[in-house]
file data_26.pdb (PDB, C-alpha atoms)
MODEL        1
ATOM      1  CA  MET A 187       5.277 -24.033  16.239
ATOM      2  CA  LYS A 188       4.775 -24.298  19.982
ATOM      3  CA  ARG A 189       1.136 -24.229  21.020
ATOM      4  CA  ARG A 190      -0.252 -23.638  24.465
ATOM      5  CA  PRO A 191      -3.278 -25.381  26.057
ATOM      6  CA  LEU A 192      -6.144 -22.981  26.516
ATOM      7  CA  LEU A 193      -7.958 -24.892  29.293
ATOM      8  CA  SER A 194      -6.567 -26.108  32.591
ATOM      9  CA  LEU A 195      -6.806 -29.810  33.469
ATOM     10  CA  ALA A 196      -9.299 -28.923  36.156
ATOM     11  CA  ALA A 197     -11.506 -27.204  33.650
ATOM     12  CA  VAL A 198     -11.270 -30.195  31.335
ATOM     13  CA  ALA A 199     -12.321 -32.519  34.115
ATOM     14  CA  ALA A 200     -15.230 -30.274  35.010
ATOM     15  CA  LEU A 201     -16.438 -30.203  31.448
ATOM     16  CA  GLY A 202     -16.182 -33.954  31.049
ATOM     17  CA  ALA A 203     -14.701 -35.827  28.159
ATOM     18  CA  LEU A 204     -13.355 -32.912  26.201
ATOM     19  CA  THR A 205     -10.366 -33.316  23.957
ATOM     20  CA  LEU A 206      -8.304 -30.275  23.051
ATOM     21  CA  THR A 207      -6.522 -30.278  19.735
ATOM     22  CA  ALA A 208      -3.772 -27.884  18.812
ATOM     23  CA  CYS A 209      -4.761 -25.373  16.177
ATOM     24  CA  SER A 210      -2.717 -24.961  13.058
ATOM     25  CA  GLY A 211      -2.638 -22.444  10.243
ATOM     26  CA  GLY A 212      -4.233 -19.751  12.392
ATOM     27  CA  SER A 213      -7.550 -21.519  12.881
ATOM     28  CA  GLY A 214      -7.608 -20.363  16.482
ATOM     29  CA  SER A 215      -9.968 -23.127  17.673
ATOM     30  CA  SER A 216      -9.729 -22.133  21.309
ATOM     31  CA  GLY A 217     -12.171 -22.674  24.142
ATOM     32  CA  SER A 218     -13.159 -20.149  26.777
ATOM     33  CA  ALA A 219     -12.970 -20.739  30.516
ATOM     34  CA  GLY A 220     -16.695 -20.105  30.764
ATOM     35  CA  GLY A 221     -17.678 -22.229  27.767
ATOM     36  CA  SER A 222     -19.548 -19.373  26.119
ATOM     37  CA  ASP A 223     -21.481 -20.348  23.004
ATOM     38  CA  GLU A 224     -23.401 -17.221  22.046
ATOM     39  CA  LEU A 225     -21.622 -17.178  18.671
ATOM     40  CA  ALA A 226     -22.332 -20.813  17.819
ATOM     41  CA  GLY A 227     -22.901 -21.132  14.076
ATOM     42  CA  LEU A 228     -20.644 -18.223  13.147
ATOM     43  CA  THR A 229     -18.102 -19.372  10.558
ATOM     44  CA  GLY A 230     -15.735 -17.724   8.107
ATOM     45  CA  GLN A 231     -12.363 -16.024   7.952
ATOM     46  CA  ILE A 232     -10.969 -13.053   9.851
ATOM     47  CA  GLY A 233      -8.782 -11.101   7.471
ATOM     48  CA  SER A 234      -5.731  -8.923   7.909
ATOM     49  CA  LYS A 235      -3.476  -6.614   5.988
ATOM     50  CA  ASP A 236       0.142  -7.615   5.483
ATOM     51  CA  PHE A 237       1.980  -6.315   8.541
ATOM     52  CA  SER A 238       2.552  -7.478  12.093
ATOM     53  CA  GLU A 239      -0.081  -5.387  13.857
ATOM     54  CA  GLN A 240      -2.774  -6.747  11.569
ATOM     55  CA  TYR A 241      -1.589 -10.330  11.981
ATOM     56  CA  ILE A 242      -1.764  -9.967  15.764
ATOM     57  CA  LEU A 243      -5.225  -8.384  15.669
ATOM     58  CA  ALA A 244      -6.544 -11.084  13.321
ATOM     59  CA  HIS A 245      -5.372 -13.856  15.639
ATOM     60  CA  ILE A 246      -6.630 -12.096  18.764
ATOM     61  CA  THR A 247     -10.047 -11.698  17.164
ATOM     62  CA  THR A 248     -10.171 -15.242  15.815
ATOM     63  CA  GLN A 249      -9.290 -16.829  19.127
ATOM     64  CA  LEU A 250     -11.677 -14.645  21.110
ATOM     65  CA  LEU A 251     -14.620 -15.258  18.767
ATOM     66  CA  ASN A 252     -13.946 -18.990  18.920
ATOM     67  CA  ALA A 253     -13.845 -18.802  22.710
ATOM     68  CA  HIS A 254     -17.455 -17.633  22.463
ATOM     69  CA  GLY A 255     -18.635 -20.493  20.266
ATOM     70  CA  ALA A 256     -17.677 -19.409  16.754
ATOM     71  CA  ASP A 257     -15.691 -21.534  14.321
ATOM     72  CA  VAL A 258     -13.581 -19.013  12.399
ATOM     73  CA  GLU A 259      -9.997 -18.917  11.188
ATOM     74  CA  ALA A 260      -7.441 -16.183  10.522
ATOM     75  CA  ASN A 261      -6.382 -15.438   6.957
ATOM     76  CA  THR A 262      -3.216 -13.312   6.906
ATOM     77  CA  LYS A 263      -2.195 -13.991   3.322
ATOM     78  CA  LEU A 264      -3.637 -11.053   1.381
ATOM     79  CA  VAL A 265      -1.400  -8.141   0.408
ATOM     80  CA  GLY A 266      -2.650  -4.572   0.203
ATOM     81  CA  SER A 267      -5.415  -2.678   1.990
ATOM     82  CA  ALA A 268      -7.632  -2.481  -1.086
ATOM     83  CA  ASN A 269      -7.575  -6.265  -1.512
ATOM     84  CA  VAL A 270      -8.544  -6.853   2.112
ATOM     85  CA  ARG A 271     -11.401  -4.387   1.900
ATOM     86  CA  GLN A 272     -12.576  -6.001  -1.336
ATOM     87  CA  ALA A 273     -12.503  -9.416   0.328
ATOM     88  CA  LEU A 274     -14.857  -8.088   3.008
ATOM     89  CA  GLU A 275     -17.191  -6.551   0.436
ATOM     90  CA  ASN A 276     -17.216  -9.826  -1.524
ATOM     91  CA  ASP A 277     -18.019 -11.858   1.624
ATOM     92  CA  GLU A 278     -14.683 -13.678   1.434
ATOM     93  CA  PHE A 279     -13.818 -12.284   4.870
ATOM     94  CA  LEU A 280     -16.176 -12.236   7.829
ATOM     95  CA  GLY A 281     -14.440  -9.113   9.109
ATOM     96  CA  TYR A 282     -11.089  -7.457   9.800
ATOM     97  CA  TRP A 283      -9.546  -4.505  11.657
ATOM     98  CA  GLU A 284      -9.529  -1.274   9.650
ATOM     99  CA  TYR A 285      -8.313   2.265  10.303
ATOM    100  CA  THR A 286     -10.537   5.320  10.091
ATOM    101  CA  GLY A 287      -8.149   7.418   8.016
ATOM    102  CA  THR A 288      -7.695   4.642   5.458
ATOM    103  CA  SER A 289     -11.410   4.122   4.926
ATOM    104  CA  TRP A 290     -12.230   7.832   4.928
ATOM    105  CA  ILE A 291      -9.571   8.790   2.386
ATOM    106  CA  THR A 292      -8.878   5.630   0.367
ATOM    107  CA  TYR A 293     -12.244   3.850   0.247
ATOM    108  CA  ASN A 294     -14.605   6.801   0.540
ATOM    109  CA  GLY A 295     -12.667   9.210  -1.677
ATOM    110  CA  ASN A 296     -12.248  12.120   0.713
ATOM    111  CA  THR A 297      -9.158  14.309   0.401
ATOM    112  CA  ALA A 298      -9.154  15.974   3.830
ATOM    113  CA  PRO A 299      -9.400  14.285   7.235
ATOM    114  CA  VAL A 300     -12.008  15.180   9.834
ATOM    115  CA  PRO A 301     -10.305  16.831  12.838
ATOM    116  CA  GLY A 302     -10.537  14.863  16.054
ATOM    117  CA  ALA A 303     -10.539  11.101  16.577
ATOM    118  CA  GLU A 304     -14.194  10.818  17.618
ATOM    119  CA  ALA A 305     -15.474  13.017  14.784
ATOM    120  CA  GLN A 306     -13.345  11.114  12.257
ATOM    121  CA  PHE A 307     -14.679   7.794  13.527
ATOM    122  CA  GLU A 308     -18.323   8.873  13.356
ATOM    123  CA  ALA A 309     -17.885  10.289   9.844
ATOM    124  CA  THR A 310     -16.206   7.099   8.645
ATOM    125  CA  LYS A 311     -18.791   4.873  10.317
ATOM    126  CA  GLU A 312     -21.603   6.788   8.645
ATOM    127  CA  ALA A 313     -19.955   6.711   5.216
ATOM    128  CA  ASP A 314     -19.387   2.952   5.365
ATOM    129  CA  ALA A 315     -22.844   2.272   6.782
ATOM    130  CA  ALA A 316     -24.222   3.448   3.447
ATOM    131  CA  LYS A 317     -22.233   0.601   1.870
ATOM    132  CA  GLY A 318     -23.508  -2.027   4.285
ATOM    133  CA  ILE A 319     -20.307  -2.144   6.332
ATOM    134  CA  ALA A 320     -20.488  -1.757  10.111
ATOM    135  CA  TRP A 321     -17.807  -0.335  12.391
ATOM    136  CA  LEU A 322     -17.774  -1.630  15.955
ATOM    137  CA  ASP A 323     -16.667   0.635  18.796
ATOM    138  CA  PRO A 324     -13.019   1.511  18.176
ATOM    139  CA  ALA A 325      -9.848   0.792  20.104
ATOM    140  CA  PRO A 326      -7.905   3.791  21.435
ATOM    141  CA  LEU A 327      -4.900   2.923  19.209
ATOM    142  CA  ASN A 328      -3.988   5.416  16.498
ATOM    143  CA  ASN A 329      -1.672   3.960  13.855
ATOM    144  CA  THR A 330      -1.137   7.267  12.099
ATOM    145  CA  TYR A 331       1.894   8.714  10.406
ATOM    146  CA  ALA A 332       4.306  10.428  12.756
ATOM    147  CA  PHE A 333       7.877  11.645  12.954
ATOM    148  CA  ALA A 334      10.257  10.237  15.522
ATOM    149  CA  VAL A 335      13.678  11.291  16.757
ATOM    150  CA  ARG A 336      16.252   9.730  19.089
ATOM    151  CA  ALA A 337      15.374  10.554  22.685
ATOM    152  CA  ASP A 338      18.800  12.065  23.397
ATOM    153  CA  LYS A 339      18.690  14.104  20.186
ATOM    154  CA  ALA A 340      15.230  15.446  21.034
ATOM    155  CA  GLU A 341      16.578  16.619  24.363
ATOM    156  CA  GLU A 342      19.682  18.138  22.735
ATOM    157  CA  LEU A 343      17.619  20.039  20.161
ATOM    158  CA  GLY A 344      14.820  20.915  22.557
ATOM    159  CA  VAL A 345      12.069  19.560  20.287
ATOM    160  CA  SER A 346       8.822  17.881  21.336
ATOM    161  CA  SER A 347       6.484  18.803  18.456
ATOM    162  CA  LEU A 348       6.658  19.142  14.698
ATOM    163  CA  SER A 349       6.316  22.911  15.037
ATOM    164  CA  ASP A 350       9.644  22.988  16.885
ATOM    165  CA  ILE A 351      11.528  21.720  13.833
ATOM    166  CA  ALA A 352      11.034  24.906  11.794
ATOM    167  CA  ALA A 353      13.051  26.888  14.354
ATOM    168  CA  LEU A 354      16.085  24.593  14.097
ATOM    169  CA  PRO A 355      19.231  25.398  12.087
ATOM    170  CA  ALA A 356      18.968  24.145   8.505
ATOM    171  CA  ASN A 357      21.654  21.491   9.014
ATOM    172  CA  GLU A 358      19.569  19.886  11.785
ATOM    173  CA  GLN A 359      16.403  19.697   9.669
ATOM    174  CA  THR A 360      17.188  16.305   8.125
ATOM    175  CA  PHE A 361      14.535  13.701   7.355
ATOM    176  CA  CYS A 362      14.146  10.040   6.399
ATOM    177  CA  ILE A 363      10.890   9.248   4.563
ATOM    178  CA  GLU A 364       9.361   6.621   2.277
ATOM    179  CA  SER A 365       9.025   7.233  -1.443
ATOM    180  CA  GLU A 366       5.208   6.949  -1.252
ATOM    181  CA  PHE A 367       5.074   9.427   1.633
ATOM    182  CA  SER A 368       7.178  11.872  -0.396
ATOM    183  CA  THR A 369       4.324  12.492  -2.870
ATOM    184  CA  ARG A 370       1.119  11.947  -0.836
ATOM    185  CA  ASP A 371      -1.152  14.903  -0.054
ATOM    186  CA  ASP A 372      -1.227  13.676   3.545
ATOM    187  CA  GLY A 373       2.541  13.186   3.371
ATOM    188  CA  TRP A 374       5.641  15.264   2.789
ATOM    189  CA  PRO A 375       4.288  18.085   0.547
ATOM    190  CA  GLY A 376       1.358  18.773   2.837
ATOM    191  CA  LEU A 377       3.472  18.462   5.981
ATOM    192  CA  LYS A 378       5.969  21.057   4.776
ATOM    193  CA  ALA A 379       3.169  23.478   3.970
ATOM    194  CA  ALA A 380       1.365  22.919   7.259
ATOM    195  CA  TYR A 381       4.458  23.483   9.375
ATOM    196  CA  GLY A 382       6.277  26.042   7.255
ATOM    197  CA  LEU A 383       9.272  23.807   6.599
ATOM    198  CA  ASP A 384      11.682  24.967   3.906
ATOM    199  CA  VAL A 385      13.781  21.845   3.524
ATOM    200  CA  PRO A 386      16.078  21.271   0.509
ATOM    201  CA  ASP A 387      15.946  17.884  -1.201
ATOM    202  CA  SER A 388      19.520  17.256  -0.084
ATOM    203  CA  ASN A 389      18.245  17.085   3.511
ATOM    204  CA  VAL A 390      15.773  14.309   2.702
ATOM    205  CA  ALA A 391      16.710  10.622   2.401
ATOM    206  CA  LEU A 392      14.237   8.261   0.694
ATOM    207  CA  LEU A 393      14.432   4.877   2.432
ATOM    208  CA  ASP A 394      12.409   1.680   2.790
ATOM    209  CA  THR A 395       9.987   1.648   5.715
ATOM    210  CA  GLY A 396      11.932  -0.728   7.927
ATOM    211  CA  VAL A 397      15.238   1.002   7.316
ATOM    212  CA  ILE A 398      13.887   4.364   8.477
ATOM    213  CA  TYR A 399      13.667   3.218  12.096
ATOM    214  CA  THR A 400      17.298   2.103  12.324
ATOM    215  CA  ALA A 401      18.518   5.075  10.287
ATOM    216  CA  THR A 402      16.760   7.471  12.652
ATOM    217  CA  GLN A 403      18.262   5.673  15.631
ATOM    218  CA  LYS A 404      21.773   5.936  14.177
ATOM    219  CA  GLY A 405      21.294   9.576  13.240
ATOM    220  CA  ASP A 406      23.668   9.560  10.248
ATOM    221  CA  ASP A 407      21.111   9.997   7.454
ATOM    222  CA  CYS A 408      18.562  12.033   9.400
ATOM    223  CA  ASN A 409      17.423  13.374  12.721
ATOM    224  CA  PHE A 410      13.721  12.870  12.023
ATOM    225  CA  GLY A 411      12.209   9.679  10.609
ATOM    226  CA  GLU A 412       8.733   9.032   9.263
ATOM    227  CA  VAL A 413       7.175   6.230  11.316
ATOM    228  CA  PHE A 414       3.865   4.606  12.145
ATOM    229  CA  GLN A 415       2.846   5.485  15.663
ATOM    230  CA  THR A 416       2.046   1.978  16.930
ATOM    231  CA  ASP A 417       5.283   0.434  15.627
ATOM    232  CA  GLY A 418       7.095  -1.518  18.322
ATOM    233  CA  ARG A 419      10.487  -0.385  17.091
ATOM    234  CA  ILE A 420       9.817   3.134  18.405
ATOM    235  CA  PRO A 421      10.315   2.256  22.091
ATOM    236  CA  ALA A 422      12.756  -0.553  21.298
ATOM    237  CA  LEU A 423      15.151   1.888  19.608
ATOM    238  CA  ASP A 424      14.591   4.622  22.215
ATOM    239  CA  LEU A 425      12.858   6.924  19.753
ATOM    240  CA  VAL A 426      10.258   9.504  20.737
ATOM    241  CA  VAL A 427       7.325  10.638  18.599
ATOM    242  CA  LEU A 428       6.952  14.354  18.016
ATOM    243  CA  ALA A 429       3.503  15.795  18.675
ATOM    244  CA  ASP A 430       1.514  16.667  15.561
ATOM    245  CA  ASP A 431       0.408  19.935  17.171
ATOM    246  CA  GLU A 432      -1.242  21.265  13.992
ATOM    247  CA  GLU A 433      -3.208  17.984  13.655
ATOM    248  CA  PHE A 434      -2.015  17.594  10.090
ATOM    249  CA  PHE A 435      -2.053  13.810   9.874
ATOM    250  CA  PRO A 436      -5.388  11.984   9.638
ATOM    251  CA  VAL A 437      -6.408   9.859  12.610
ATOM    252  CA  TYR A 438      -5.932   6.155  11.878
ATOM    253  CA  GLN A 439      -7.948   4.720  14.751
ATOM    254  CA  GLY A 440      -8.425   0.972  14.641
ATOM    255  CA  ALA A 441     -11.783  -0.778  14.788
ATOM    256  CA  PHE A 442     -13.234  -4.121  13.759
ATOM    257  CA  THR A 443     -15.318  -3.913  10.590
ATOM    258  CA  LEU A 444     -17.810  -6.413   9.186
ATOM    259  CA  LYS A 445     -20.920  -6.568   7.063
ATOM    260  CA  GLN A 446     -23.997  -5.093   8.737
ATOM    261  CA  SER A 447     -25.908  -8.203   7.711
ATOM    262  CA  THR A 448     -23.461 -10.342   9.686
ATOM    263  CA  LEU A 449     -23.791  -8.112  12.736
ATOM    264  CA  ASP A 450     -27.596  -8.266  12.458
ATOM    265  CA  GLU A 451     -27.459 -12.068  12.486
ATOM    266  CA  TYR A 452     -24.872 -12.260  15.286
ATOM    267  CA  PRO A 453     -25.201  -9.080  17.379
ATOM    268  CA  ALA A 454     -23.117 -10.663  20.155
ATOM    269  CA  ILE A 455     -20.034 -10.047  18.001
ATOM    270  CA  ALA A 456     -20.098  -6.431  19.164
ATOM    271  CA  ASP A 457     -20.122  -7.490  22.821
ATOM    272  CA  VAL A 458     -17.225  -9.893  22.293
ATOM    273  CA  ILE A 459     -15.057  -7.354  20.454
ATOM    274  CA  ALA A 460     -15.866  -4.836  23.196
ATOM    275  CA  GLU A 461     -13.916  -7.082  25.582
ATOM    276  CA  ILE A 462     -10.662  -6.295  23.796
ATOM    277  CA  ALA A 463     -11.104  -2.961  22.017
ATOM    278  CA  PRO A 464     -10.651  -0.688  25.075
ATOM    279  CA  LEU A 465      -7.440  -2.536  25.989
ATOM    280  CA  LEU A 466      -5.740  -1.882  22.639
ATOM    281  CA  THR A 467      -4.103   1.469  23.234
ATOM    282  CA  THR A 468      -1.299   2.854  21.093
ATOM    283  CA  GLU A 469       1.204   1.939  23.809
ATOM    284  CA  GLU A 470      -0.174  -1.581  24.237
ATOM    285  CA  MET A 471      -0.065  -2.140  20.494
ATOM    286  CA  GLN A 472       3.549  -0.948  20.405
ATOM    287  CA  LYS A 473       4.420  -3.618  22.982
ATOM    288  CA  LEU A 474       2.652  -6.372  21.060
ATOM    289  CA  ASN A 475       4.169  -5.298  17.742
ATOM    290  CA  ALA A 476       7.643  -5.241  19.311
ATOM    291  CA  LEU A 477       7.279  -8.888  20.322
ATOM    292  CA  VAL A 478       6.967  -9.726  16.634
ATOM    293  CA  ASP A 479       9.099  -7.099  14.888
ATOM    294  CA  VAL A 480      11.888  -6.865  17.475
ATOM    295  CA  ASP A 481      11.858 -10.173  19.362
ATOM    296  CA  GLY A 482      10.834 -12.366  16.427
ATOM    297  CA  GLU A 483       7.851 -14.055  18.085
ATOM    298  CA  ASP A 484       5.011 -15.562  16.079
ATOM    299  CA  PRO A 485       1.907 -13.312  15.856
ATOM    300  CA  GLU A 486      -0.421 -16.181  16.722
ATOM    301  CA  ASP A 487       1.547 -16.979  19.884
ATOM    302  CA  VAL A 488       1.601 -13.294  20.813
ATOM    303  CA  ALA A 489      -2.186 -13.211  20.464
ATOM    304  CA  THR A 490      -2.647 -16.346  22.576
ATOM    305  CA  ASP A 491      -0.374 -15.088  25.348
ATOM    306  CA  TRP A 492      -2.035 -11.679  25.443
ATOM    307  CA  LEU A 493      -5.579 -13.052  25.595
ATOM    308  CA  THR A 494      -4.488 -15.454  28.339
ATOM    309  CA  GLU A 495      -2.862 -12.665  30.331
ATOM    310  CA  GLN A 496      -6.053 -10.622  30.033
ATOM    311  CA  GLY A 497      -8.099 -13.574  31.286
ATOM    312  CA  LEU A 498     -10.170 -13.684  28.102
ATOM    313  CA  ILE A 499      -9.380 -17.272  27.067
TER     314      ILE A 499
ENDMDL
END

call {"tool": "encode", "arguments": {"input": "data_26.pdb", "output": "structure tokens"}}
result
Amino acid sequence: MKRRPLLSLAAVAALGALTLTACSGGSGSSGSAGGSDELAGLTGQIGSKDFSEQYILAHITTQLLNAHGADVEANTKLVGSANVRQALENDEFLGYWEYTGTSWITYNGNTAPVPGAEAQFEATKEADAAKGIAWLDPAPLNNTYAFAVRADKAEELGVSSLSDIAALPANEQTFCIESEFSTRDDGWPGLKAAYGLDVPDSNVALLDTGVIYTATQKGDDCNFGEVFQTDGRIPALDLVVLADDEEFFPVYQGAFTLKQSTLDEYPAIADVIAEIAPLLTTEEMQKLNALVDVDGEDPEDVATDWLTEQGLI
């Protein structure tokens, strides 16, 4: 895998006899232009769930923390949200990026979301604080469920929100969804009730997650496909996301989570993560995800390039 030097030759000369070694296996042992060392002594693993966005975020975080003196590595091998959360609780992971809706509903046992991104974040932060888990200030990105449609089809049908679908002719109300989504309370049953959709089963195709994007773009199986809002295939396939005007779906805002005890020992972690969090909008995350899911780039390289472009390493 191609690696890129993280310090210029001039910087190396200025720092003296410093030898850079290429990192492997996601260790992210990068140096910062300013030689920051406020996180010296911080070791461990930065975890991730098993999809591209999480891989990218884990490598971004690992490299940035190391640029401030830490010695951490990315672990992108676990499968399943519950396993990643458990690894944090068991001190196997130093921290990882979580989503408010996931923690609120899955880990804290709530059945209904809190309306509004800020209110949902504060409620989730408070609930997890009781368990010794801290949430740092969130990124603007919202990786929630959504429904997308081809841009030209949206224009043809005159739809921009989920409420618009109910007014369409029955033959145009066709959907592609995942099997899990078809039974979730925050999925298909609840969506139909919230928006007054009376859709026969024959108008619904159950497909694998990745297939939904291409099927929606082709328009043979469905007009409207269930997607995740930060997925890079949305812009790549010229799809548009319909507004959830009834605010049915929970907010899945991303933020870095870690043990409160770790944050107490290394409070500078919050300052370091604050360098990247405001930059990670839904649109920016779509672009980064597309580099992996559409263009086939390596998540670690995507992270390195992005941090370099932002002037952070």

call {"tool": "residues_around", "arguments": {"input": "data_26.pdb", "residues": "Trp290 in chain A", "least_positions_apart": "3", "cutoff": "12 Å", "atoms": "only C-alpha atoms", "output": "list in words"}}
result
Glu284, Tyr285, Thr286, Gly287, Tyr293, Asn294, Gly295, Asn296, Thr297, Ala298, Pro299, Val300, Ala305, Gln306, Phe307, Glu308, Ala309, Thr310, Lys311, Glu312, Ala313, Asp314, Pro436, Val437, Tyr438 and Gln439 of chain A

call {"tool": "residues_near_point", "arguments": {"input": "data_26.pdb", "point": "(-27.1, -9.2, 7.6)", "cutoff": "12 Å", "atoms": "only C-alpha atoms", "output": "PDB file with C-alpha atoms, keeping the file's coordinate frame"}}
result
ATOM      1  CA  ASP A 277     -18.019 -11.858   1.624  1.00  0.00           C
ATOM      2  CA  LEU A 280     -16.176 -12.236   7.829  1.00  0.00           C
ATOM      3  CA  GLY A 318     -23.508  -2.027   4.285  1.00  0.00           C
ATOM      4  CA  ILE A 319     -20.307  -2.144   6.332  1.00  0.00           C
ATOM      5  CA  ALA A 320     -20.488  -1.757  10.111  1.00  0.00           C
ATOM      6  CA  LEU A 444     -17.810  -6.413   9.186  1.00  0.00           C
ATOM      7  CA  LYS A 445     -20.920  -6.568   7.063  1.00  0.00           C
ATOM      8  CA  GLN A 446     -23.997  -5.093   8.737  1.00  0.00           C
ATOM      9  CA  SER A 447     -25.908  -8.203   7.711  1.00  0.00           C
ATOM     10  CA  THR A 448     -23.461 -10.342   9.686  1.00  0.00           C
ATOM     11  CA  LEU A 449     -23.791  -8.112  12.736  1.00  0.00           C
ATOM     12  CA  ASP A 450     -27.596  -8.266  12.458  1.00  0.00           C
ATOM     13  CA  GLU A 451     -27.459 -12.068  12.486  1.00  0.00           C
ATOM     14  CA  TYR A 452     -24.872 -12.260  15.286  1.00  0.00           C
ATOM     15  CA  PRO A 453     -25.201  -9.080  17.379  1.00  0.00           C
TER      16      PRO A 453
END

call {"tool": "atom_distance", "arguments": {"input": "data_26.pdb", "atom1": "CA of Leu377 in chain A", "atom2": "CA of Arg336 in chain A"}}
result
20.3 Å

call {"tool": "residues_around", "arguments": {"input": "data_26.pdb", "residues": "Glu486 in chain A", "least_positions_apart": "4", "cutoff": "8 Å", "atoms": "only C-alpha atoms", "output": "list of chain:residue names"}}
result
A:Gly212, A:Tyr241, A:Ile242, A:His245, A:Ile246, A:Thr490

call {"tool": "closest_atom_pairs", "arguments": {"input": "data_26.pdb", "of": "range 431-482 of chain A", "to": "range 341-349 of chain A", "cutoff": "12 Å", "atoms": "all atoms listed in the file", "output": "tab-separated table"}}
result
residue	atom	partner	partner_atom	distance
A:Asp431	CA	A:Ser347	CA	6.3
A:Glu432	CA	A:Ser349	CA	7.8
A:Glu433	CA	A:Leu348	CA	10.0
A:Phe434	CA	A:Leu348	CA	9.9
A:Phe435	CA	A:Leu348	CA	11.3

call {"tool": "atom_distance", "arguments": {"input": "data_26.pdb", "atom1": "CA of Asp407 in chain A", "atom2": "CA of Ser388 in chain A"}}
result
10.6 Å

call {"tool": "atom_distance", "arguments": {"input": "data_26.pdb", "atom1": "CA of Glu304 in chain A", "atom2": "CA of Ile462 in chain A"}}
result
18.5 Å
